[in-house]
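Visitor: Before I ask anything, let me first share the structure, which is written out below as structure tokens.
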Amino acid sequence: MKKKIKKNSLIRYSRQIILKNIGTIGQKKIINSKVLIIGAGGLGCPIADLLTRSGVGLIGVMDYDKVSLSNIHRQILYTTQDVGKYKVQVVKKKLNSINKEVKIKIYNKKANEKNLINIIKKYDVVVDGSDNFKTKFLLNKLSLIFKKKLVVGAISKFDGHIFVFDFNEKNIPCLKCFYQTEPSDEFLNCESEGILGSTASIVGSLQANEVLKTILSIGKNLKSNILILDFLNLNFRKVLFKKRKSCICTKL
């Protein structure tokens, strides 16, 4: 059953409803959307926070980790009092306090093919906030199989990458078309490489922005492009890449 906008919600979401590209019709799309976020860290926190505030109807969050003191500087949903607690449990409590209208479903487990197959089909949009390429490629594969929309993010030091895929469309490249071989996870290792906290928040916010645009079908997207962000030198660029004939996406 499609949800309707409640009277109080017109006030809550009034500043985005007045945007001509959204309106009440667009807000209804948002409150009837279902978004799955993999990873509740530096990217997942701002993504979950902003999508909750925008009124996304169902948000799923998957993570198996506990909050550590070194997380606090960039993972904006946590405080020092949360150290030692499971991230998803803290996230659900925080998001419920922000917007009770949004249903938060948590999965306190490590993402793998077995559990994701049964979970991912329940959602419209999948958002990657993971810190390893194995998970990113798994989300790419399952989003291809189930024809989902996928928003991928990666961060390291002062840099960020964002991809957006709509696997309902034909003849578009996938994540594997760009990464022809699996990169080393050292690139994503905040412990060894370091990360500026604001870099994580900016890239996560951009991912949330792309999710909302995808739900609303508005604006330009990153189809067949990677957005490369260098916050140290303020260099932002889009790079076009093509579908590879030998890629997994040609066989699914």
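Residues in the structure tokens are numbered from 1 in each chain, the chains being A, B, ... in the order shown, and ligands are numbered from 1 in the order shown.
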Would you mind listing what lies within 8 Å of Lys149 in chain A as a ChimeraX atom specification, with only C-alpha atoms counted and same-chain residues fewer than 3 positions away left out?
Guide: /A:124-126,143,164-168,214
Visitor: How about saving the chosen residues, C-alpha atoms kept, as a short mmCIF file (atom, residue, chain, number, x, y, z; two decimals), in the first residue's frame?
Guide:
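In the end it all went to again.cif:
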data_model
loop_
_atom_site.label_atom_id
_atom_site.label_comp_id
_atom_site.auth_asym_id
_atom_site.auth_seq_id
_atom_site.Cartn_x
_atom_site.Cartn_y
_atom_site.Cartn_z
CA ASP A 124 14.70 -0.19 -4.58
CA VAL A 125 18.11 1.44 -4.17
CA VAL A 126 21.33 -0.06 -2.79
CA SER A 143 22.29 -5.29 -8.05
CA VAL A 164 25.75 5.62 -9.89
CA PHE A 165 24.20 2.69 -11.77
CA ASP A 166 20.61 1.93 -12.79
CA PHE A 167 20.60 -1.71 -13.81
CA ASN A 168 17.07 -1.42 -15.19
CA THR A 214 17.49 8.57 -8.47
#
Visitor: From a backbone DSSP assignment, name each residue in range 6-69 of chain A labelled strand (DSSP E or B), as a ChimeraX atom specification.
Guide: /A:34-38,58-62,66
Visitor: Please save N, CA and C atoms of the selected residues as a PDB file, in the first residue's frame.
Guide:
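Written out: selection_28.pdb:
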ATOM      1  N   LYS A  34      12.469   2.599  -0.791  1.00  0.00           N
ATOM      2  CA  LYS A  34      13.141   1.675   0.122  1.00  0.00           C
ATOM      3  C   LYS A  34      14.624   1.636  -0.242  1.00  0.00           C
ATOM      4  N   VAL A  35      15.469   2.015   0.715  1.00  0.00           N
ATOM      5  CA  VAL A  35      16.902   2.154   0.458  1.00  0.00           C
ATOM      6  C   VAL A  35      17.694   1.284   1.434  1.00  0.00           C
ATOM      7  N   LEU A  36      18.610   0.496   0.888  1.00  0.00           N
ATOM      8  CA  LEU A  36      19.480  -0.354   1.695  1.00  0.00           C
ATOM      9  C   LEU A  36      20.891   0.234   1.708  1.00  0.00           C
ATOM     10  N   ILE A  37      21.432   0.466   2.902  1.00  0.00           N
ATOM     11  CA  ILE A  37      22.777   1.018   3.067  1.00  0.00           C
ATOM     12  C   ILE A  37      23.679  -0.070   3.638  1.00  0.00           C
ATOM     13  N   ILE A  38      24.758  -0.364   2.933  1.00  0.00           N
ATOM     14  CA  ILE A  38      25.721  -1.353   3.402  1.00  0.00           C
ATOM     15  C   ILE A  38      26.922  -0.622   3.992  1.00  0.00           C
ATOM     16  N   LEU A  58      11.548   3.475   3.982  1.00  0.00           N
ATOM     17  CA  LEU A  58      12.213   2.348   4.631  1.00  0.00           C
ATOM     18  C   LEU A  58      13.709   2.428   4.367  1.00  0.00           C
ATOM     19  N   ILE A  59      14.489   2.424   5.430  1.00  0.00           N
ATOM     20  CA  ILE A  59      15.941   2.433   5.310  1.00  0.00           C
ATOM     21  C   ILE A  59      16.487   1.201   6.012  1.00  0.00           C
ATOM     22  N   GLY A  60      17.208   0.378   5.258  1.00  0.00           N
ATOM     23  CA  GLY A  60      17.893  -0.764   5.837  1.00  0.00           C
ATOM     24  C   GLY A  60      19.360  -0.423   6.022  1.00  0.00           C
ATOM     25  N   VAL A  61      19.928  -0.817   7.160  1.00  0.00           N
ATOM     26  CA  VAL A  61      21.340  -0.543   7.439  1.00  0.00           C
ATOM     27  C   VAL A  61      22.006  -1.846   7.875  1.00  0.00           C
ATOM     28  N   MET A  62      23.065  -2.237   7.158  1.00  0.00           N
ATOM     29  CA  MET A  62      23.786  -3.471   7.481  1.00  0.00           C
ATOM     30  C   MET A  62      25.216  -3.157   7.894  1.00  0.00           C
ATOM     31  N   LYS A  66      31.419  -2.781  15.866  1.00  0.00           N
ATOM     32  CA  LYS A  66      31.117  -1.976  17.039  1.00  0.00           C
ATOM     33  C   LYS A  66      31.814  -0.620  16.912  1.00  0.00           C
TER      34      LYS A  66
END
Visitor: Have a look at A:Lys176, A:Lys105, A:His161, A:Lys110 and name the one nearest to Leu222 in chain A; count only C-alpha atoms.
Guide: A:His161
Visitor: Just to confirm, what's the straight-line distance from CA of Tyr86 in chain A to CA of Asn108 in chain A in Å (one decimal)?
Guide: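 Spanning CA of Tyr86 in chain A to CA of Asn108 in chain A is a straight-line distance of 7.7 Å.
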Visitor: Between A:Ile145, A:Leu69, A:Cys45, A:Ile98, which has the minimum distance to Gly84 in chain A (counting only C-alpha atoms)?
Guide: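 Counting only C-alpha atoms, the residue closest to Gly84 in chain A is A:Leu69.
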Visitor: Which neighbours of Asp82 in chain A fall inside 8 Å, counting only C-alpha atoms, when residues of the same chain fewer than 4 positions from it are skipped, and could you give them as a PDB file with C-alpha atoms, in the first residue's frame?
Guide:
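What ended up in selection-v7.pdb:
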ATOM      1  CA  VAL A  67      31.849   1.721  17.560  1.00  0.00           C
ATOM      2  CA  TYR A  78      28.245   8.275  17.087  1.00  0.00           C
ATOM      3  CA  VAL A  90      23.132   3.013  17.792  1.00  0.00           C
TER       4      VAL A  90
END
Visitor: Please identify all polymer residues within 9 Å of Lys109 in chain A, counting only C-alpha atoms, omitting same-chain residues fewer than 2 positions from it, and present them as number ranges by chain.
Guide: A: 62-65, 107, 111-112, 115
Visitor: Include N, CA and C atoms and write out the residues we just selected as a CSV table (one decimal), in the first residue's frame.
Guide:
chain,number,residue,atom,x,y,z
A,62,MET,N,23.1,-2.2,7.2
A,62,MET,CA,23.8,-3.5,7.5
A,62,MET,C,25.2,-3.2,7.9
A,63,ASP,N,25.6,-3.7,9.1
A,63,ASP,CA,27.0,-3.5,9.6
A,63,ASP,C,27.1,-4.5,10.7
A,64,TYR,N,28.3,-5.1,10.9
A,64,TYR,CA,28.5,-6.0,12.0
A,64,TYR,C,29.5,-5.5,13.0
A,65,ASP,N,30.0,-4.3,12.9
A,65,ASP,CA,31.1,-3.7,13.7
A,65,ASP,C,30.5,-3.0,14.9
A,107,TYR,N,20.5,-4.8,10.2
A,107,TYR,CA,21.0,-6.1,10.0
A,107,TYR,C,22.4,-6.1,10.6
A,111,ALA,N,28.1,-8.4,5.6
A,111,ALA,CA,27.5,-8.7,4.3
A,111,ALA,C,28.2,-9.8,3.5
A,112,ASN,N,27.4,-10.7,3.1
A,112,ASN,CA,27.9,-11.8,2.2
A,112,ASN,C,26.8,-12.2,1.2
A,115,ASN,N,23.5,-13.9,2.7
A,115,ASN,CA,22.4,-13.1,3.4
A,115,ASN,C,21.9,-12.0,2.5
Visitor: Return the single residue from A:Ser156, A:Asn118, A:Ser224, A:Thr199 that is closest to Lys170 in chain A, with distances computed using only C-alpha atoms.
Guide: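 Ranked by minimum distance to Lys170 in chain A, first place goes to A:Ser224.
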Visitor: From the list A:Glu210, A:Asp230, A:Asp49, A:Glu182, which residue is nearest Asn132 in chain A when using only C-alpha atoms?
Guide: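 Looking only at the distances to Asn132 in chain A, the closest residue turns out to be A:Glu182.
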Visitor: Run DSSP on the backbone and give me the residues of range 10-176 of chain A it puts in helix (DSSP H, G or I), as a ChimeraX atom specification.
Guide: /A:10-12,14-17,23-31,44-54,69-71,80-82,87-98,113-120,133-145,175-176
Visitor: Under the rule that only C-alpha atoms are counted, which of A:Ile47, A:Gln81, A:Ser68, A:Leu216 is the nearest residue to Ile17 in chain A?
Guide: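 Among the listed residues, A:Leu216 lies closest to Ile17 in chain A.
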Visitor: How many Å lie between CA of Cys174 in chain A and CA of Ile202 in chain A, rounded to one decimal?
Guide: 23.6 Å
Visitor: Name the residues in contact with Ile248 in chain A at a cut-off of 10 Å, using only C-alpha atoms, excluding same-chain residues fewer than 5 positions from it; report them as a PyMOL selection string.
Guide: chain A and resi 140-141+144+173-177
Visitor: Which residues come within 9 Å of Ala200 in chain A, counting only C-alpha atoms, excluding same-chain residues fewer than 3 positions away, as a PyMOL selection string?
Guide: chain A and resi 41-43+46+74-75+154-156+158-160+195-197+203-205
